[in-house]
Amino acid sequence: MGWPNACLFEQRLAFVLCFLNKIGHQEKNQETEGEKLKGEPKRHSAMFSSNHQFPNQPKPLAVMDPTTPMQVDQNEASSVARDEMRIGGFSHAKSIIQSSEKLQDDLRMLGLKIKHHEDNIKLLKIQKNKLDDSILDMQVMRGKYHSSSAPKIGNENCSHLQSEEETTEQILRHGKSAAGILCQLKIHNATQASYLTLTRDVLGAVATLGKVDDENLSWLFSEYLGVQTMMAIVCKTYESVRALETYNQDGCIDKTSGLHRLGASIGRAIDGRFHVICLESLRPYAGDFVADDPQRRLDLLKPRLPNGECPPGFLGFAVNMIQVDSSNLFCVTASGDGLRETLFYNLFSRLQVYRTRAEMVLALPCISEGAVSLDGGMIRSSGVFSFGNREEVDVRFPKPSAKSDVPQNYIETEKQMKEMTWRKEKLEEDMKREQALLDNAKFNFERKKQDFVKFLAQSSSFATQFQATQDRLTPR
C-alpha cells in the first residue's frame, strides 16, 4: 500500500495544508475586524449627545460640480477586490477540506479492509501448515512415503523388497571385511566364549540395524551412506570399540587379539580399514518425538519456503523413514537413548526426501543438511551436489518383516488422515476466497489513491493561483 512518488505527494500535501491554515487565519482575522467595526457606531453616537452645542450659524455646504469627474481611491478598490477574493477562497477552501477528509476516510477504510483480509489469509496459512505437518507425519507412520505413481530410478535390480537374509548374504560376500567376519562368526561360532566376550556390546553392521519399507528408498539411502558406512560395526560402549582392535608397543596392530584373531581363526584375515561407530560417544537428538508413534520418530521442524509453506514434493526426513526393531527403540545406551536418536540421526541428520529432482532444486533455500529425490537426485550437504550415474550399492537395508511394528490403530489413522485432508481442502477454498476479496480491496484502494493524488494536484494548483492573486492585489 505504498504511495507512488511519495516525496512529491508529501510536498503537495504540505503545501495544501499550509494554504488551508493560512486561509483559516485570514478568516479569523476578518471576523475580528468585523467585531471591531460593530463598536464604531457607539463612538459616533457619542458625538451627538444631548449636551453637545451646535454652532448658531450653519456653515454652507460645498456643492460638487456634476461636470467634474469622480475620483475613486485605488486602495479602496484593491481592498474590495481582496475581500471578494477572500470570500471565494474561503468557500473553495471549505470544499477542499471536506473533499480531502472524505477521500482520506475512504482510503483509511479500504486500508483496514486490506489488513483484515491479510490477517485472515495469514491465519488460514498457519492452520493449513499444521494440517500439512500432521498429514505428513501420519503418512510416514503408515510407511507410505510416496504414491504408487511416484518416480523411481530405472534399475532392474529394484524389482522386489530385500529380506534380512539377503542383506546378510550381501555382507558375507565381503568376506575379508570386519562386518563379513562378524556375520560368519555369528552363524558358525555364536557359542564360543571368545566370540561372546568380544561381541557383548556389539550390535552389528549398520545395514542390519534398520529397515526400509520401499526398495527405491533403500537404494537411495544405501547409496547416500556408501558401502563403508553400511558395513560399519556399531558398538554400545567405547570399551567394546577398544576390544575390536589392539596395538603392540610399536603401535602396530596386534593380529593375535580382537577381531583380527577371530578372523584368522576362520581363515579370513581382515583386509584394509573398517569403520566402527560408538553410540555412547555420539551426541543424541535432543528434541521431541512424534506423539503416539510406536516407532518414536523424531519431531523435526519441516522445511518452510519464505511464504511459510512446505516445499512442494517434500516427503519427509530420511531418519524417520528407517524402521527400527522394537528392541532397539529404547535404552540401547546407558543414558536410555535408542538407535533412531543416536545412530541414524548422526548418519542422516536432517536429510530431506523429495518426490522429484526438480522439486528438490526448487527447495534449495530450505535444504541445509542434504537431500535426495526418488528419481535419483542427491545433495550431500549445503552446496555439495552428486551428479552422474548412480553408484551400484551391493549392501542395502532390508524390508521390514511381516510381524514388524505396525500401528495398532491403523484404521483410525486412515480415518484421521481423510478428515485432515478434507479440512485442508476446505481451508484452501477459504484462502482462495479471502485472496479474491483482498485483490478486490487492493484494486479499489489503488483507484482511490489515484483519485486522492489527482485531488492533491488540483488543490495545489488552486492554492498557488490563489496565493499569486493575493500577492498581486496586496499593496506594496
# chains A, B, ... in the order shown; residues from 1 in each chain; ligands from 1

call {"tool": "residues_around", "arguments": {"residues": "Arg390 (chain A)", "least_positions_apart": "2", "cutoff": "8 Å", "atoms": "only C-alpha atoms", "output": "PyMOL selection string"}}
result
chain A and resi 223+376+388+392

call {"tool": "write_last_selection", "arguments": {"atoms": "N, CA, C and O atoms", "output": "compact mmCIF listing (two decimals), in the first residue's frame"}}
result
# COMPACT_ATOMS: atom_id res chain seq x y z
N GLU A 223 23.03 -45.79 -1.01
CA GLU A 223 24.00 -45.06 -1.84
C GLU A 223 24.47 -43.81 -1.14
O GLU A 223 25.66 -43.44 -1.20
N GLY A 376 16.49 -40.10 -8.15
CA GLY A 376 17.95 -40.23 -8.14
C GLY A 376 18.74 -38.99 -7.83
O GLY A 376 19.97 -39.04 -7.79
N GLY A 388 26.02 -37.35 -12.14
CA GLY A 388 26.43 -38.56 -12.83
C GLY A 388 25.50 -39.73 -12.57
O GLY A 388 24.46 -39.60 -11.91
N GLU A 392 26.45 -48.37 -7.92
CA GLU A 392 25.90 -49.70 -7.64
C GLU A 392 26.25 -50.07 -6.21
O GLU A 392 27.42 -50.30 -5.88

call {"tool": "residues_around", "arguments": {"residues": "region 440-449 of chain A", "least_positions_apart": "3", "cutoff": "10 Å", "atoms": "only C-alpha atoms", "output": "ChimeraX atom specification"}}
result
/A:1-4,103-104,106-115,117,434-437,452-455

call {"tool": "atom_distance", "arguments": {"atom1": "CA of Val227 (chain A)", "atom2": "CA of Asn328 (chain A)"}}
result
22.4 Å

call {"tool": "atom_distance", "arguments": {"atom1": "CA of Met420 (chain A)", "atom2": "CA of Cys310 (chain A)"}}
result
16.2 Å

call {"tool": "atom_distance", "arguments": {"atom1": "CA of Gly383 (chain A)", "atom2": "CA of Gln228 (chain A)"}}
result
23.2 Å

call {"tool": "residues_around", "arguments": {"residues": "Gln184 (chain A)", "least_positions_apart": "4", "cutoff": "10 Å", "atoms": "only C-alpha atoms", "output": "list in words"}}
result
Thr168, Ile171, Leu172, Gly175, Ala178, Ala179, Gly180, His188, Asn189, Ala190, Gly263, Ile266 and Arg268 of chain A

call {"tool": "closest_residue", "arguments": {"among": "A:Leu339, A:Leu329, A:Val395, A:Ala457", "to": "Thr167 (chain A)", "atoms": "only C-alpha atoms"}}
result
A:Val395

call {"tool": "residues_around", "arguments": {"residues": "Ala286 (chain A)", "least_positions_apart": "3", "cutoff": "10 Å", "atoms": "only C-alpha atoms", "output": "MDAnalysis selection string"}}
result
chainID A and resid 283 289 298 341:342

call {"tool": "write_last_selection", "arguments": {"atoms": "C-alpha atoms", "output": "PDB file, in the first residue's frame"}}
result
ATOM      1  CA  ARG A 283      25.555 -36.652  20.536  1.00  0.00           C
ATOM      2  CA  PHE A 289       9.308 -37.249  19.366  1.00  0.00           C
ATOM      3  CA  LEU A 298      11.741 -37.520  15.640  1.00  0.00           C
ATOM      4  CA  GLU A 341      18.074 -40.626  18.020  1.00  0.00           C
ATOM      5  CA  THR A 342      21.698 -41.774  18.191  1.00  0.00           C
TER       6      THR A 342
END

call {"tool": "closest_atom_pairs", "arguments": {"of": "region 373-444 of chain A", "to": "region 213-217 of chain A", "cutoff": "10 Å", "atoms": "only C-alpha atoms", "output": "CSV"}}
result
residue,atom,partner,partner_atom,distance
A:Ser373,CA,A:Leu217,CA,9.0
A:Leu374,CA,A:Asn216,CA,7.0
A:Asp375,CA,A:Asn216,CA,8.9
A:Gly376,CA,A:Asn216,CA,9.2
A:Arg396,CA,A:Glu215,CA,9.1
A:Phe397,CA,A:Glu215,CA,8.6
A:Pro398,CA,A:Asp213,CA,8.1
A:Lys399,CA,A:Asp213,CA,5.2
A:Pro400,CA,A:Asp213,CA,6.1
A:Ser401,CA,A:Asp213,CA,9.4

call {"tool": "select_by_dssp", "arguments": {"residues": "region 212-457 of chain A", "states": "helix (DSSP H, G or I)", "output": "ChimeraX atom specification"}}
result
/A:215-225,227-230,238-244,258-265,279-281,318-320,326-328,340-348,357-362,364-366,410-457

call {"tool": "closest_atom_pairs", "arguments": {"of": "region 324-421 of chain A", "to": "region 120-133 of chain A", "cutoff": "12 Å", "atoms": "only C-alpha atoms", "output": "tab-separated table"}}
result
residue	atom	partner	partner_atom	distance
A:Gln416	CA	A:Leu131	CA	10.9
A:Met417	CA	A:Leu131	CA	9.5
A:Lys418	CA	A:Leu131	CA	11.4
A:Glu419	CA	A:Leu131	CA	10.2
A:Met420	CA	A:Leu131	CA	6.4
A:Thr421	CA	A:Leu131	CA	7.9
